[in-house]
file structure.cif (mmCIF, C-alpha atoms; chains and numbers go by the auth columns)
data_model
#
loop_
_atom_site.group_PDB
_atom_site.id
_atom_site.type_symbol
_atom_site.label_atom_id
_atom_site.label_comp_id
_atom_site.label_asym_id
_atom_site.label_seq_id
_atom_site.Cartn_x
_atom_site.Cartn_y
_atom_site.Cartn_z
_atom_site.B_iso_or_equiv
_atom_site.auth_seq_id
_atom_site.auth_asym_id
ATOM 1 C CA MET A 1 13.982 -5.337 -3.329 0.00 958 A
ATOM 2 C CA ARG A 2 10.722 -6.563 -4.867 0.00 959 A
ATOM 3 C CA ARG A 3 11.829 -10.216 -4.564 0.00 960 A
ATOM 4 C CA PHE A 4 12.783 -9.553 -0.955 0.00 961 A
ATOM 5 C CA VAL A 5 9.297 -8.333 0.004 0.00 962 A
ATOM 6 C CA PRO A 6 7.621 -11.777 0.064 0.00 963 A
ATOM 7 C CA PHE A 7 10.470 -12.999 2.255 0.00 964 A
ATOM 8 C CA LEU A 8 10.026 -10.039 4.563 0.00 965 A
ATOM 9 C CA LEU A 9 6.302 -10.668 4.736 0.00 966 A
ATOM 10 C CA ALA A 10 6.924 -14.338 5.512 0.00 967 A
ATOM 11 C CA VAL A 11 9.319 -13.287 8.247 0.00 968 A
ATOM 12 C CA ALA A 12 6.833 -10.738 9.585 0.00 969 A
ATOM 13 C CA LEU A 13 3.891 -13.106 9.439 0.00 970 A
ATOM 14 C CA GLY A 14 5.584 -16.323 10.629 0.00 971 A
ATOM 15 C CA GLY A 15 2.404 -17.931 11.732 0.00 972 A
ATOM 16 C CA CYS A 16 2.666 -21.683 11.472 0.00 973 A
ATOM 17 C CA LEU A 17 0.742 -21.882 14.736 0.00 974 A
ATOM 18 C CA TYR A 18 -0.930 -18.509 15.012 0.00 975 A
ATOM 19 C CA ALA A 19 -0.814 -15.215 13.202 0.00 976 A
ATOM 20 C CA ASN A 20 -2.827 -12.091 13.831 0.00 977 A
ATOM 21 C CA VAL A 21 -0.993 -9.285 12.126 0.00 978 A
ATOM 22 C CA ARG A 22 -1.780 -6.151 10.158 0.00 979 A
ATOM 23 C CA TYR A 23 0.521 -4.863 7.452 0.00 980 A
ATOM 24 C CA PRO A 24 0.247 -1.748 5.298 0.00 981 A
ATOM 25 C CA ARG A 25 -1.421 -1.835 1.910 0.00 982 A
ATOM 26 C CA ALA A 26 -2.125 1.656 0.610 0.00 983 A
ATOM 27 C CA TYR A 27 -2.202 5.266 1.742 0.00 984 A
ATOM 28 C CA ARG A 28 -2.793 8.119 -0.657 0.00 985 A
ATOM 29 C CA SER A 29 -1.494 10.882 1.551 0.00 986 A
ATOM 30 C CA ALA A 30 -1.900 14.607 0.957 0.00 987 A
ATOM 31 C CA THR A 31 0.704 16.811 -0.674 0.00 988 A
ATOM 32 C CA PRO A 32 1.451 20.360 0.534 0.00 989 A
ATOM 33 C CA ALA A 33 -0.776 21.756 -2.228 0.00 990 A
ATOM 34 C CA GLU A 34 -3.760 19.777 -0.984 0.00 991 A
ATOM 35 C CA VAL A 35 -3.858 21.113 2.573 0.00 992 A
ATOM 36 C CA LYS A 36 -3.563 24.486 4.306 0.00 993 A
ATOM 37 C CA ALA A 37 0.214 24.134 4.524 0.00 994 A
ATOM 38 C CA ASP A 38 2.217 26.645 6.530 0.00 995 A
ATOM 39 C CA PRO A 39 6.019 26.899 6.915 0.00 996 A
ATOM 40 C CA SER A 40 5.567 26.694 10.687 0.00 997 A
ATOM 41 C CA ASP A 41 3.788 23.329 10.523 0.00 998 A
ATOM 42 C CA PRO A 42 5.504 20.850 12.841 0.00 999 A
ATOM 43 C CA SER A 43 7.188 17.651 11.683 0.00 1000 A
ATOM 44 C CA VAL A 44 6.070 14.435 13.318 0.00 1001 A
ATOM 45 C CA GLN A 45 7.081 10.798 13.279 0.00 1002 A
ATOM 46 C CA GLY A 46 5.114 7.676 13.977 0.00 1003 A
ATOM 47 C CA SER A 47 5.619 3.966 13.702 0.00 1004 A
ATOM 48 C CA SER A 48 3.714 0.718 13.990 0.00 1005 A
ATOM 49 C CA CYS A 49 5.238 -2.741 14.294 0.00 1006 A
ATOM 50 C CA SER A 50 4.487 -6.420 13.975 0.00 1007 A
ATOM 51 C CA ARG A 51 6.604 -9.242 15.341 0.00 1008 A
ATOM 52 C CA SER A 52 7.179 -12.935 14.734 0.00 1009 A
ATOM 53 C CA VAL A 53 8.879 -15.556 16.891 0.00 1010 A
ATOM 54 C CA LEU A 54 10.331 -18.945 15.943 0.00 1011 A
ATOM 55 C CA TYR A 55 8.486 -18.805 12.581 0.00 1012 A
ATOM 56 C CA MET A 56 5.484 -20.042 14.566 0.00 1013 A
ATOM 57 C CA VAL A 57 3.691 -17.031 16.000 0.00 1014 A
ATOM 58 C CA ALA A 58 3.173 -13.565 14.566 0.00 1015 A
ATOM 59 C CA TRP A 59 1.302 -10.644 16.065 0.00 1016 A
ATOM 60 C CA GLY A 60 1.068 -6.880 15.975 0.00 1017 A
ATOM 61 C CA ASP A 61 -0.308 -3.990 13.987 0.00 1018 A
ATOM 62 C CA GLY A 62 2.195 -2.683 11.468 0.00 1019 A
ATOM 63 C CA GLY A 63 -0.379 -0.958 9.304 0.00 1020 A
ATOM 64 C CA TYR A 64 -0.785 2.594 8.026 0.00 1021 A
ATOM 65 C CA ALA A 65 -3.669 3.404 10.361 0.00 1022 A
ATOM 66 C CA ALA A 66 -1.650 2.671 13.482 0.00 1023 A
ATOM 67 C CA ALA A 67 1.397 4.535 12.164 0.00 1024 A
ATOM 68 C CA THR A 68 -0.646 7.658 11.328 0.00 1025 A
ATOM 69 C CA LYS A 69 -2.380 7.485 14.711 0.00 1026 A
ATOM 70 C CA ASP A 70 1.051 7.365 16.372 0.00 1027 A
ATOM 71 C CA ALA A 71 2.272 10.288 14.269 0.00 1028 A
ATOM 72 C CA LEU A 72 -0.821 12.350 15.117 0.00 1029 A
ATOM 73 C CA ALA A 73 -0.623 11.589 18.841 0.00 1030 A
ATOM 74 C CA SER A 74 0.684 15.107 19.549 0.00 1031 A
ATOM 75 C CA ALA A 75 -1.723 16.779 17.092 0.00 1032 A
ATOM 76 C CA PRO A 76 -4.907 14.702 16.892 0.00 1033 A
ATOM 77 C CA ASP A 77 -6.881 17.390 15.043 0.00 1034 A
ATOM 78 C CA GLY A 78 -4.308 17.830 12.311 0.00 1035 A
ATOM 79 C CA VAL A 79 -3.915 16.262 8.878 0.00 1036 A
ATOM 80 C CA LEU A 80 -0.658 14.745 7.645 0.00 1037 A
ATOM 81 C CA TYR A 81 0.975 15.903 4.440 0.00 1038 A
ATOM 82 C CA ASP A 82 4.330 15.407 2.751 0.00 1039 A
ATOM 83 C CA VAL A 83 4.279 11.870 4.138 0.00 1040 A
ATOM 84 C CA ARG A 84 7.336 9.638 3.803 0.00 1041 A
ATOM 85 C CA VAL A 85 6.908 6.006 4.775 0.00 1042 A
ATOM 86 C CA ASP A 86 9.666 3.444 5.200 0.00 1043 A
ATOM 87 C CA GLN A 87 9.691 -0.156 6.281 0.00 1044 A
ATOM 88 C CA LYS A 88 12.231 -1.154 8.915 0.00 1045 A
ATOM 89 C CA VAL A 89 13.002 -4.809 9.585 0.00 1046 A
ATOM 90 C CA THR A 90 15.009 -6.071 12.547 0.00 1047 A
ATOM 91 C CA SER A 91 15.763 -9.773 12.437 0.00 1048 A
ATOM 92 C CA TYR A 92 17.853 -11.961 14.738 0.00 1049 A
ATOM 93 C CA VAL A 93 19.342 -15.407 14.125 0.00 1050 A
ATOM 94 C CA LEU A 94 17.939 -16.252 10.698 0.00 1051 A
ATOM 95 C CA GLY A 95 14.619 -14.631 11.541 0.00 1052 A
ATOM 96 C CA LEU A 96 13.857 -16.602 14.678 0.00 1053 A
ATOM 97 C CA TYR A 97 12.737 -13.267 16.026 0.00 1054 A
ATOM 98 C CA ALA A 98 11.775 -10.555 13.598 0.00 1055 A
ATOM 99 C CA LYS A 99 10.218 -7.147 14.001 0.00 1056 A
ATOM 100 C CA THR A 100 8.827 -5.278 11.013 0.00 1057 A
ATOM 101 C CA CYS A 101 7.904 -1.636 11.452 0.00 1058 A
ATOM 102 C CA THR A 102 6.166 0.915 9.269 0.00 1059 A
ATOM 103 C CA VAL A 103 7.960 4.193 9.974 0.00 1060 A
ATOM 104 C CA MET A 104 6.217 7.394 8.958 0.00 1061 A
ATOM 105 C CA SER A 105 7.563 10.947 8.810 0.00 1062 A
ATOM 106 C CA ALA A 106 5.316 13.836 7.862 0.00 1063 A
ATOM 107 C CA ARG A 107 4.232 17.371 8.581 0.00 1064 A
ATOM 108 C CA VAL A 108 0.975 18.278 10.229 0.00 1065 A
ATOM 109 C CA ALA A 109 -1.383 20.901 8.887 0.00 1066 A
ATOM 110 C CA LYS A 110 -4.524 22.275 10.507 0.00 1067 A
ATOM 111 C CA ARG A 111 -7.808 20.906 9.169 0.00 1068 A
ATOM 112 C CA MET B 1 21.936 -26.705 -21.411 0.00 1192 B
ATOM 113 C CA ILE B 2 21.851 -23.231 -22.947 0.00 1193 B
ATOM 114 C CA GLN B 3 18.191 -23.664 -23.880 0.00 1194 B
ATOM 115 C CA ALA B 4 17.396 -24.646 -20.292 0.00 1195 B
ATOM 116 C CA LEU B 5 19.187 -21.573 -18.986 0.00 1196 B
ATOM 117 C CA ILE B 6 17.312 -19.342 -21.426 0.00 1197 B
ATOM 118 C CA LEU B 7 13.982 -20.867 -20.403 0.00 1198 B
ATOM 119 C CA LEU B 8 14.889 -20.387 -16.769 0.00 1199 B
ATOM 120 C CA ALA B 9 15.792 -16.751 -17.354 0.00 1200 B
ATOM 121 C CA LEU B 10 12.575 -16.140 -19.294 0.00 1201 B
ATOM 122 C CA SER B 11 10.435 -17.679 -16.564 0.00 1202 B
ATOM 123 C CA ALA B 12 12.250 -15.656 -13.917 0.00 1203 B
ATOM 124 C CA ALA B 13 11.674 -12.507 -15.928 0.00 1204 B
ATOM 125 C CA ALA B 14 8.026 -13.386 -16.356 0.00 1205 B
ATOM 126 C CA GLN B 15 7.609 -13.730 -12.595 0.00 1206 B
ATOM 127 C CA GLU B 16 9.221 -10.364 -11.945 0.00 1207 B
ATOM 128 C CA THR B 17 6.460 -7.848 -11.373 0.00 1208 B
ATOM 129 C CA ALA B 18 7.031 -4.414 -12.807 0.00 1209 B
ATOM 130 C CA SER B 19 6.643 -1.460 -10.460 0.00 1210 B
ATOM 131 C CA TRP B 20 3.530 -0.183 -12.274 0.00 1211 B
ATOM 132 C CA GLU B 21 1.672 -3.494 -12.029 0.00 1212 B
ATOM 133 C CA ALA B 22 -1.003 -4.056 -9.451 0.00 1213 B
ATOM 134 C CA HIS B 23 -0.805 -6.544 -6.603 0.00 1214 B
ATOM 135 C CA PRO B 24 -4.226 -7.991 -5.772 0.00 1215 B
ATOM 136 C CA GLY B 25 -4.940 -8.661 -2.119 0.00 1216 B
ATOM 137 C CA LEU B 26 -6.218 -12.195 -2.560 0.00 1217 B
ATOM 138 C CA LEU B 27 -6.139 -14.830 0.172 0.00 1218 B
ATOM 139 C CA GLN B 28 -3.229 -17.210 -0.341 0.00 1219 B
ATOM 140 C CA LEU B 29 -4.079 -20.873 0.199 0.00 1220 B
ATOM 141 C CA SER B 30 -1.710 -23.823 0.105 0.00 1221 B
ATOM 142 C CA GLY B 31 -2.410 -27.303 -1.224 0.00 1222 B
ATOM 143 C CA LEU B 32 -5.003 -28.524 -3.706 0.00 1223 B
ATOM 144 C CA VAL B 33 -7.428 -25.618 -3.986 0.00 1224 B
ATOM 145 C CA VAL B 34 -10.721 -27.238 -4.897 0.00 1225 B
ATOM 146 C CA PHE B 35 -12.661 -23.985 -4.804 0.00 1226 B
ATOM 147 C CA PHE B 36 -11.756 -20.317 -4.572 0.00 1227 B
ATOM 148 C CA GLY B 37 -14.351 -17.581 -4.785 0.00 1228 B
ATOM 149 C CA GLY B 38 -12.570 -14.669 -3.163 0.00 1229 B
ATOM 150 C CA GLN B 39 -12.455 -11.029 -4.089 0.00 1230 B
ATOM 151 C CA GLY B 40 -9.585 -8.881 -2.835 0.00 1231 B
ATOM 152 C CA SER B 41 -8.460 -5.293 -3.042 0.00 1232 B
ATOM 153 C CA LEU B 42 -6.525 -4.161 -6.117 0.00 1233 B
ATOM 154 C CA SER B 43 -6.512 -0.395 -6.466 0.00 1234 B
ATOM 155 C CA TYR B 44 -8.445 2.645 -5.254 0.00 1235 B
ATOM 156 C CA ALA B 45 -7.726 6.243 -6.141 0.00 1236 B
ATOM 157 C CA SER B 46 -8.840 7.474 -2.755 0.00 1237 B
ATOM 158 C CA PRO B 47 -9.774 11.103 -2.147 0.00 1238 B
ATOM 159 C CA THR B 48 -7.395 13.512 -0.458 0.00 1239 B
ATOM 160 C CA PRO B 49 -8.187 16.691 1.513 0.00 1240 B
ATOM 161 C CA ALA B 50 -8.066 18.584 -1.799 0.00 1241 B
ATOM 162 C CA SER B 51 -11.106 16.592 -2.945 0.00 1242 B
ATOM 163 C CA LEU B 52 -13.382 18.034 -0.265 0.00 1243 B
ATOM 164 C CA PRO B 53 -16.279 20.003 -1.742 0.00 1244 B
ATOM 165 C CA PRO B 54 -16.846 23.572 -0.508 0.00 1245 B
ATOM 166 C CA GLY B 55 -18.617 23.656 2.821 0.00 1246 B
ATOM 167 C CA ALA B 56 -17.705 20.093 3.753 0.00 1247 B
ATOM 168 C CA VAL B 57 -17.635 19.401 7.488 0.00 1248 B
ATOM 169 C CA ASP B 58 -15.214 16.857 8.912 0.00 1249 B
ATOM 170 C CA ALA B 59 -17.125 13.997 10.510 0.00 1250 B
ATOM 171 C CA GLY B 60 -14.285 12.261 12.314 0.00 1251 B
ATOM 172 C CA GLU B 61 -12.585 8.935 11.784 0.00 1252 B
ATOM 173 C CA VAL B 62 -14.505 6.132 10.112 0.00 1253 B
ATOM 174 C CA ARG B 63 -13.577 2.498 9.623 0.00 1254 B
ATOM 175 C CA GLY B 64 -14.771 -0.311 7.432 0.00 1255 B
ATOM 176 C CA GLN B 65 -13.594 -3.796 6.633 0.00 1256 B
ATOM 177 C CA ALA B 66 -14.238 -6.697 4.286 0.00 1257 B
ATOM 178 C CA CYS B 67 -12.836 -10.207 4.605 0.00 1258 B
ATOM 179 C CA GLN B 68 -12.000 -13.370 2.734 0.00 1259 B
ATOM 180 C CA GLN B 69 -11.797 -16.680 4.609 0.00 1260 B
ATOM 181 C CA GLY B 70 -10.284 -19.991 3.682 0.00 1261 B
ATOM 182 C CA VAL B 71 -9.424 -23.390 5.080 0.00 1262 B
ATOM 183 C CA SER B 72 -6.561 -25.703 4.185 0.00 1263 B
ATOM 184 C CA ILE B 73 -7.048 -29.172 5.641 0.00 1264 B
ATOM 185 C CA PRO B 74 -4.277 -31.799 5.597 0.00 1265 B
ATOM 186 C CA ILE B 75 -5.477 -35.152 4.321 0.00 1266 B
ATOM 187 C CA GLY B 76 -2.546 -37.145 5.608 0.00 1267 B
ATOM 188 C CA LEU B 77 -0.017 -37.274 8.370 0.00 1268 B
ATOM 189 C CA GLY B 78 3.358 -35.574 8.373 0.00 1269 B
ATOM 190 C CA ILE B 79 4.665 -32.089 7.805 0.00 1270 B
ATOM 191 C CA ASN B 80 4.445 -32.338 4.005 0.00 1271 B
ATOM 192 C CA ALA B 81 0.979 -33.910 3.953 0.00 1272 B
ATOM 193 C CA THR B 82 -1.194 -33.059 0.978 0.00 1273 B
ATOM 194 C CA ARG B 83 -3.769 -30.401 1.754 0.00 1274 B
ATOM 195 C CA VAL B 84 -7.189 -29.684 0.387 0.00 1275 B
ATOM 196 C CA ALA B 85 -8.140 -26.021 0.475 0.00 1276 B
ATOM 197 C CA ALA B 86 -11.050 -23.739 -0.270 0.00 1277 B
ATOM 198 C CA GLY B 87 -11.672 -20.040 0.163 0.00 1278 B
ATOM 199 C CA ALA B 88 -14.271 -17.384 -0.472 0.00 1279 B
ATOM 200 C CA GLY B 89 -15.413 -13.940 0.511 0.00 1280 B
ATOM 201 C CA LYS B 90 -15.778 -10.441 -0.816 0.00 1281 B
ATOM 202 C CA GLY B 91 -12.801 -8.830 0.819 0.00 1282 B
ATOM 203 C CA GLY B 92 -12.098 -5.964 -1.525 0.00 1283 B
ATOM 204 C CA TYR B 93 -12.448 -2.206 -1.512 0.00 1284 B
ATOM 205 C CA GLU B 94 -16.060 -2.251 -2.704 0.00 1285 B
ATOM 206 C CA ARG B 95 -17.323 -4.218 0.292 0.00 1286 B
ATOM 207 C CA ALA B 96 -15.087 -2.328 2.750 0.00 1287 B
ATOM 208 C CA LEU B 97 -16.388 1.031 1.503 0.00 1288 B
ATOM 209 C CA ALA B 98 -19.951 -0.324 1.573 0.00 1289 B
ATOM 210 C CA ASP B 99 -19.331 -1.251 5.207 0.00 1290 B
ATOM 211 C CA ILE B 100 -18.429 2.386 5.939 0.00 1291 B
ATOM 212 C CA ARG B 101 -21.556 3.621 4.151 0.00 1292 B
ATOM 213 C CA ALA B 102 -23.701 1.171 6.135 0.00 1293 B
ATOM 214 C CA LYS B 103 -22.217 2.303 9.454 0.00 1294 B
ATOM 215 C CA HIS B 104 -22.366 6.023 8.597 0.00 1295 B
ATOM 216 C CA PRO B 105 -25.326 6.603 6.265 0.00 1296 B
ATOM 217 C CA ALA B 106 -25.155 10.381 6.754 0.00 1297 B
ATOM 218 C CA LEU B 107 -21.658 10.691 5.264 0.00 1298 B
ATOM 219 C CA LYS B 108 -21.210 12.342 1.884 0.00 1299 B
ATOM 220 C CA GLY B 109 -17.724 10.912 1.389 0.00 1300 B
ATOM 221 C CA ILE B 110 -14.343 10.052 2.849 0.00 1301 B
ATOM 222 C CA TYR B 111 -10.775 11.333 2.471 0.00 1302 B
ATOM 223 C CA ASP B 112 -7.297 10.726 3.888 0.00 1303 B
ATOM 224 C CA VAL B 113 -7.745 6.996 3.386 0.00 1304 B
ATOM 225 C CA LYS B 114 -5.409 4.439 4.929 0.00 1305 B
ATOM 226 C CA VAL B 115 -5.732 0.801 3.895 0.00 1306 B
ATOM 227 C CA ASP B 116 -4.291 -2.114 5.829 0.00 1307 B
ATOM 228 C CA ASP B 117 -4.397 -5.880 5.369 0.00 1308 B
ATOM 229 C CA HIS B 118 -5.329 -7.806 8.510 0.00 1309 B
ATOM 230 C CA HIS B 119 -4.072 -11.347 8.274 0.00 1310 B
ATOM 231 C CA VAL B 120 -5.189 -14.090 10.691 0.00 1311 B
ATOM 232 C CA ALA B 121 -3.923 -17.664 10.463 0.00 1312 B
ATOM 233 C CA ILE B 122 -4.611 -20.455 12.957 0.00 1313 B
ATOM 234 C CA LEU B 123 -2.622 -23.691 12.804 0.00 1314 B
ATOM 235 C CA THR B 124 -2.254 -23.175 9.011 0.00 1315 B
ATOM 236 C CA ILE B 125 -5.770 -24.590 8.719 0.00 1316 B
ATOM 237 C CA PHE B 126 -7.878 -21.450 8.914 0.00 1317 B
ATOM 238 C CA ARG B 127 -6.898 -18.207 7.204 0.00 1318 B
ATOM 239 C CA ARG B 128 -8.614 -14.873 6.982 0.00 1319 B
ATOM 240 C CA LEU B 129 -7.526 -11.774 5.119 0.00 1320 B
ATOM 241 C CA CYS B 130 -9.407 -8.541 5.744 0.00 1321 B
ATOM 242 C CA THR B 131 -9.066 -5.243 3.927 0.00 1322 B
ATOM 243 C CA GLU B 132 -9.420 -2.564 6.592 0.00 1323 B
ATOM 244 C CA VAL B 133 -10.113 1.002 5.500 0.00 1324 B
ATOM 245 C CA THR B 134 -9.519 3.838 7.970 0.00 1325 B
ATOM 246 C CA ALA B 135 -10.397 7.326 6.784 0.00 1326 B
ATOM 247 C CA ARG B 136 -11.875 10.689 7.706 0.00 1327 B
ATOM 248 C CA GLY B 137 -15.503 11.198 6.804 0.00 1328 B
ATOM 249 C CA PHE B 138 -17.173 14.427 5.749 0.00 1329 B
ATOM 250 C CA GLN B 139 -20.769 15.651 5.578 0.00 1330 B
#

call {"tool": "encode", "arguments": {"input": "structure.cif", "output": "structure tokens"}}
result
Amino acid sequence: MRRFVPFLLAVALGGCLYANVRYPRAYRSATPAEVKADPSDPSVQGSSCSRSVLYMVAWGDGGYAAATKDALASAPDGVLYDVRVDQKVTSYVLGLYAKTCTVMSARVAKR
Amino acid sequence: MIQALILLALSAAAQETASWEAHPGLLQLSGLVVFFGGQGSLSYASPTPASLPPGAVDAGEVRGQACQQGVSIPIGLGINATRVAAGAGKGGYERALADIRAKHPALKGIYDVKVDDHHVAILTIFRRLCTEVTARGFQ
């Protein structure tokens, strides 16, 4: 998987002509012990995506900030904990079009 | 032949990065790099909500960024033309966090930190890599 990551980044970035893309780097999220966790806390999902076309142009915001903002859309005053983050790649025809998404699942606690 | 295979396997193993090793966020330039003076993000044990001191008041979302820039100029014609490149910039955590402190001097600290890399490339000649820190501040 680790050898595949540079390829995925190259697919996500593309960018021979133009690239303006954000990708995730780090997020030290909270654990249930670090927030006021409650069994009734809702579960939320959020995602953020970047795209590339023809290996020439790449755009989009696939970073952690956008994914957490999407996850907290229904509870903007909450704080995420028990956060699971995956990366989803959809690629067509040898990567001529590729979409790379940061998919986040978590629970929301009150601040 | 066997020696060549062993050397190949050793070099492949050397390139494999172990899961505990850090991955610096340095700007990648192609060609003959005549100068590189960039600083990129490596690691940051960022605070979590459990790190808040007693009586801390949430101050809302705060953002900071720090960038490295570089150019890679072809010195010939053709797709595989030789390139001359240079890059610089303090684009690491230290400068990004200093940017937050400069924008919000009243903050006592941050928590719930998300870090993204913002990559911009134009015509493979100009590249910029920014470390963007998004967090919650507290006073």

call {"tool": "closest_residue", "arguments": {"input": "structure.cif", "among": "A:Ala1055, A:Ser1009, A:Pro999, A:Leu1037", "to": "chain B", "atoms": "all atoms listed in the file"}}
result
A:Leu1037

call {"tool": "residues_around", "arguments": {"input": "structure.cif", "residues": "Leu1029 in chain A", "least_positions_apart": "5", "cutoff": "9 Å", "atoms": "all atoms listed in the file", "output": "PyMOL selection string"}}
result
chain A and resi 1001-1003+1024+1034-1037+1065

call {"tool": "interface_residues", "arguments": {"input": "structure.cif", "of": "chain B", "to": "chain A", "cutoff": "10 Å", "atoms": "all atoms listed in the file", "output": "ChimeraX atom specification"}}
result
/B:1206-1210,1214,1216,1232-1243,1249,1251,1254,1302-1327

call {"tool": "atom_distance", "arguments": {"input": "structure.cif", "atom1": "CA of Val1060 in chain A", "atom2": "CA of Ala1032 in chain A"}}
result
17.4 Å

call {"tool": "atom_distance", "arguments": {"input": "structure.cif", "atom1": "CA of Asp1027 in chain A", "atom2": "CA of Ser1007 in chain A"}}
result
14.4 Å

call {"tool": "residues_around", "arguments": {"input": "structure.cif", "residues": "Pro1265 in chain B", "least_positions_apart": "3", "cutoff": "12 Å", "atoms": "only C-alpha atoms", "output": "PyMOL selection string"}}
result
chain B and resi 1221-1224+1262+1268-1276+1314-1317

call {"tool": "write_last_selection", "arguments": {"input": "structure.cif", "atoms": "C-alpha atoms", "output": "mmCIF file, keeping the file's coordinate frame"}}
result
data_model
loop_
_atom_site.group_PDB
_atom_site.id
_atom_site.type_symbol
_atom_site.label_atom_id
_atom_site.label_comp_id
_atom_site.auth_asym_id
_atom_site.auth_seq_id
_atom_site.Cartn_x
_atom_site.Cartn_y
_atom_site.Cartn_z
ATOM 1 C CA SER B 1221 -1.710 -23.823 0.105
ATOM 2 C CA GLY B 1222 -2.410 -27.303 -1.224
ATOM 3 C CA LEU B 1223 -5.003 -28.524 -3.706
ATOM 4 C CA VAL B 1224 -7.428 -25.618 -3.986
ATOM 5 C CA VAL B 1262 -9.424 -23.390 5.080
ATOM 6 C CA LEU B 1268 -0.017 -37.274 8.370
ATOM 7 C CA GLY B 1269 3.358 -35.574 8.373
ATOM 8 C CA ILE B 1270 4.665 -32.089 7.805
ATOM 9 C CA ASN B 1271 4.445 -32.338 4.005
ATOM 10 C CA ALA B 1272 0.979 -33.910 3.953
ATOM 11 C CA THR B 1273 -1.194 -33.059 0.978
ATOM 12 C CA ARG B 1274 -3.769 -30.401 1.754
ATOM 13 C CA VAL B 1275 -7.189 -29.684 0.387
ATOM 14 C CA ALA B 1276 -8.140 -26.021 0.475
ATOM 15 C CA LEU B 1314 -2.622 -23.691 12.804
ATOM 16 C CA THR B 1315 -2.254 -23.175 9.011
ATOM 17 C CA ILE B 1316 -5.770 -24.590 8.719
ATOM 18 C CA PHE B 1317 -7.878 -21.450 8.914
#

call {"tool": "resolve_selection", "arguments": {"input": "structure.cif", "expression": "the PyMOL selection byres ((chain B and resi 1278) around 6)", "output": "list in words"}}
result
Phe1227, Gln1260, Gly1261, Ala1277 and Ala1279 of chain B

call {"tool": "residues_around", "arguments": {"input": "structure.cif", "residues": "Ala1287 in chain B", "least_positions_apart": "2", "cutoff": "9 Å", "atoms": "all atoms listed in the file", "output": "list in words"}}
result
Arg1254, Gly1255, Gln1256, Ala1257, Cys1258, Lys1281, Gly1282, Gly1283, Tyr1284, Glu1285, Ala1289, Asp1290, Ile1291, Arg1292, Cys1321, Thr1322, Glu1323 and Val1324 of chain B

call {"tool": "closest_residue", "arguments": {"input": "structure.cif", "among": "A:Val1010, A:Asp995, A:Ser1000, A:Ser1005", "to": "Tyr1054 in chain A", "atoms": "all atoms listed in the file"}}
result
A:Val1010

call {"tool": "residues_near_point", "arguments": {"input": "structure.cif", "point": "(8.8, -2.3, 11.7)", "cutoff": "6 Å", "atoms": "only C-alpha atoms", "output": "PyMOL selection string"}}
result
chain A and resi 1006+1044-1046+1056-1059

call {"tool": "axis_aligned_box", "arguments": {"input": "structure.cif", "around": "range 1003-1022 of chain A", "padding_each_side": "8 Å", "output": "AutoDock Vina command-line options"}}
result
--center_x 3.3 --center_y -6.2 --center_z 12.5 --size_x 30.0 --size_y 43.7 --size_z 24.9

call {"tool": "atom_distance", "arguments": {"input": "structure.cif", "atom1": "CA of Ala1250 in chain B", "atom2": "CA of Arg1286 in chain B"}}
result
20.9 Å

call {"tool": "closest_residue", "arguments": {"input": "structure.cif", "among": "B:Ile1266, B:Val1248, B:Val1225, B:Leu1220", "to": "Phe1329 in chain B", "atoms": "all atoms listed in the file"}}
result
B:Val1248

call {"tool": "closest_residue", "arguments": {"input": "structure.cif", "among": "B:Gly1300, B:Gly1280, B:Gly1328, B:Gly1246", "to": "Gly1228 in chain B", "atoms": "all atoms listed in the file"}}
result
B:Gly1280

call {"tool": "decode", "arguments": {"input": "structure.cif", "residues": "range 1035-1060 of chain A", "atoms": "C-alpha atoms", "output": "PDB file, in the first residue's frame"}}
result
ATOM      1  CA  GLY A1035     -19.719  19.828  18.271  1.00  0.00           C
ATOM      2  CA  VAL A1036     -16.305  18.180  18.425  1.00  0.00           C
ATOM      3  CA  LEU A1037     -15.462  14.966  16.582  1.00  0.00           C
ATOM      4  CA  TYR A1038     -14.130  11.935  18.401  1.00  0.00           C
ATOM      5  CA  ASP A1039     -13.541   8.287  17.562  1.00  0.00           C
ATOM      6  CA  VAL A1040     -12.597   9.451  14.070  1.00  0.00           C
ATOM      7  CA  ARG A1041     -11.984   6.915  11.307  1.00  0.00           C
ATOM      8  CA  VAL A1042     -10.555   8.243   8.064  1.00  0.00           C
ATOM      9  CA  ASP A1043     -10.252   6.356   4.793  1.00  0.00           C
ATOM     10  CA  GLN A1044      -9.060   7.325   1.363  1.00  0.00           C
ATOM     11  CA  LYS A1045     -11.277   6.390  -1.568  1.00  0.00           C
ATOM     12  CA  VAL A1046      -9.958   6.525  -5.125  1.00  0.00           C
ATOM     13  CA  THR A1047     -12.122   6.243  -8.228  1.00  0.00           C
ATOM     14  CA  SER A1048     -10.170   6.055 -11.459  1.00  0.00           C
ATOM     15  CA  TYR A1049     -11.326   5.538 -15.043  1.00  0.00           C
ATOM     16  CA  VAL A1050      -9.349   4.439 -18.101  1.00  0.00           C
ATOM     17  CA  LEU A1051      -5.815   4.279 -16.715  1.00  0.00           C
ATOM     18  CA  GLY A1052      -6.398   7.359 -14.587  1.00  0.00           C
ATOM     19  CA  LEU A1053      -7.477   9.707 -17.350  1.00  0.00           C
ATOM     20  CA  TYR A1054     -10.068  10.822 -14.852  1.00  0.00           C
ATOM     21  CA  ALA A1055      -9.443  10.209 -11.190  1.00  0.00           C
ATOM     22  CA  LYS A1056     -11.217  11.280  -8.042  1.00  0.00           C
ATOM     23  CA  THR A1057      -9.559  10.919  -4.655  1.00  0.00           C
ATOM     24  CA  CYS A1058     -11.680  11.412  -1.562  1.00  0.00           C
ATOM     25  CA  THR A1059     -10.924  11.618   2.137  1.00  0.00           C
ATOM     26  CA  VAL A1060     -13.849   9.878   3.833  1.00  0.00           C
TER      27      VAL A1060
END
